[in-house]
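In what follows, a structure is listed as structure tokens, so that the remarks can point back to it.
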Amino acid sequence: MNDFLLKINGADVPVRAPGEETLLSVLRNRLHLTGTKYGCGEGQCGACTVLIDGVATRSCQARLATSTGVSITTIEGLEHGGLLGPVQQAFLDEGAFQCGYCTSGMILSATALLHDHPRPTDAQIVGYMDGNVCRCGTYPRITAAIHRASQ
Ligand code: FES
């Protein structure tokens with residue numbers, strides 16, 4: 001066990017855990033930020049996506065020891081004062097989910113996409129979101145939600 005200080009959703013968060021523990025495990029099991037989902041655990045599905053310094057990152061592949069000194073944003077950090085963030089609201093407005101398991105990762109990847117491409121084309125959306133898998137196949141509605149959020 002070691003002591004670490006993470007910056008999560010704008011707050012300094014002390015964590016005592018093995019440095020090799022995944023960031024995903026720390027978020028879910030130690031900090032109870034369960035909006036970040038465990039899908040494959042192997043970097044393949046995108047369900048565990050968080051933003052690290054604004055970059056969409058698979059938290060199942062990040063280690064606690066290398067997650068200090070950066071700004072981590074989880075799905076919980078996109079809501080402010082009881083109001084959903086614009087990408088969250090767009091997903092809701094477009095019904096861009098079915099089971100919802102991929103949704104947190106999708107929204108965080110979409111947030112990073114819209115930072116890089118404020119008015120993305122369909123091709124940019126498909127390319128950027130390629131690493132996020134929706135087993136329910138709601139891709140057309142996810143694309144519509146990203147377009148809505150870009151307006
Ligand atoms: Fe991390 Fe699937 S759980 S990519």
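Chain labels A, B, ... are given in the sequence in which chains occur in the structure tokens; within each chain residues are numbered consecutively from 1, and ligands are likewise numbered from 1 in the order shown.
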
With 9 Å as the cut-off and only C-alpha atoms and all ligand atoms counted, what is the closest atom pair between each nearby residue of chain A and ligand 1? Distances in Å to one decimal, ordered by chain and number, as a tab-separated table.
```
residue	atom	partner	partner_atom_place_in_ligand_line	distance
A:Leu24	CA	ligand 1	1 (Fe)	7.8
A:Thr36	CA	ligand 1	3 (S)	9.0
A:Lys37	CA	ligand 1	3 (S)	6.6
A:Tyr38	CA	ligand 1	3 (S)	4.4
A:Gly39	CA	ligand 1	3 (S)	3.8
A:Cys40	CA	ligand 1	2 (Fe)	3.8
A:Gly41	CA	ligand 1	3 (S)	3.8
A:Glu42	CA	ligand 1	2 (Fe)	5.5
A:Gly43	CA	ligand 1	4 (S)	3.3
A:Gln44	CA	ligand 1	4 (S)	4.3
A:Cys45	CA	ligand 1	2 (Fe)	3.8
A:Gly46	CA	ligand 1	4 (S)	4.0
A:Ala47	CA	ligand 1	2 (Fe)	5.2
A:Cys48	CA	ligand 1	1 (Fe)	4.5
A:Thr49	CA	ligand 1	1 (Fe)	6.7
A:Thr57	CA	ligand 1	1 (Fe)	8.8
A:Arg58	CA	ligand 1	1 (Fe)	5.1
A:Ser59	CA	ligand 1	1 (Fe)	6.0
A:Cys60	CA	ligand 1	1 (Fe)	4.3
A:Gln61	CA	ligand 1	1 (Fe)	6.5
A:Gly131	CA	ligand 1	4 (S)	8.1
A:Asn132	CA	ligand 1	4 (S)	7.9
A:Val133	CA	ligand 1	2 (Fe)	8.7
```

>> Which residues are close to Ala145 (chain A), i.e. within 9 Å by only C-alpha atoms, leaving aside same-chain residues fewer than 4 positions away? Reply as a PyMOL selection string.
In response: chain A and resi 87-96+140-141+149-150

Store the residues picked out above in a file with C-alpha atoms, as a compact mmCIF listing (two decimals), in the first residue's frame.
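The new file out31.txt reads:
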```txt
# COMPACT_ATOMS: atom_id res chain seq x y z
CA VAL A 87 -23.14 16.16 -23.99
CA GLN A 88 -25.02 14.28 -21.27
CA GLN A 89 -28.17 16.26 -22.06
CA ALA A 90 -27.81 15.63 -25.79
CA PHE A 91 -27.53 11.87 -25.22
CA LEU A 92 -30.67 12.04 -23.10
CA ASP A 93 -32.55 14.16 -25.63
CA GLU A 94 -31.65 11.79 -28.48
CA GLY A 95 -32.22 8.61 -26.46
CA ALA A 96 -28.70 7.60 -27.40
CA PRO A 140 -27.02 6.28 -35.21
CA ARG A 141 -28.52 7.89 -32.12
CA ALA A 149 -24.25 18.65 -28.54
CA SER A 150 -22.15 20.44 -31.15
```

Name all residues at most 9 Å from Gly10 (chain A) (count only C-alpha atoms; drop same-chain ones fewer than 6 positions away) and give them as a PDB file with C-alpha atoms, in the first residue's frame.
```pdb
ATOM      1  CA  SER A  71      -6.556  16.045 -13.996  1.00  0.00           C
ATOM      2  CA  ILE A  72      -9.019  13.150 -14.147  1.00  0.00           C
ATOM      3  CA  THR A  73     -12.618  13.688 -15.199  1.00  0.00           C
ATOM      4  CA  GLY A  77     -17.663  15.453 -13.093  1.00  0.00           C
TER       5      GLY A  77
END
```

>> Just list as a VMD selection string whatever in region 41-107 of chain A DSSP marks as strand (DSSP E).
In response: chain A and resid 49 to 52 55 to 58 71 to 73

>> Need the shell around Cys134 (chain A): protein/DNA/RNA residues with any atom at most 6 Å away, counting only C-alpha atoms. Skip same-chain ones fewer than 2 positions apart. Format as a ChimeraX atom specification?
In response: /A:102,136-137

Kindly save the residues from that selection, with N, CA and C atoms included, as a compact mmCIF listing (two decimals), in the first residue's frame.
```txt
# COMPACT_ATOMS: atom_id res chain seq x y z
N CYS A 102 -22.54 1.36 -21.94
CA CYS A 102 -21.43 2.03 -22.63
C CYS A 102 -21.51 3.55 -22.52
N CYS A 136 -25.68 -2.66 -27.90
CA CYS A 136 -27.09 -2.52 -28.31
C CYS A 136 -27.21 -1.91 -29.71
N GLY A 137 -26.11 -1.43 -30.26
CA GLY A 137 -26.13 -0.91 -31.62
C GLY A 137 -26.82 0.43 -31.78
```

> Of the candidates A:Gly81, A:Ile146, A:Leu6, A:Gly127, which shows the shortest atom-to-atom distance to Ala110 (chain A), using only C-alpha atoms?
Replying inline: A:Ile146
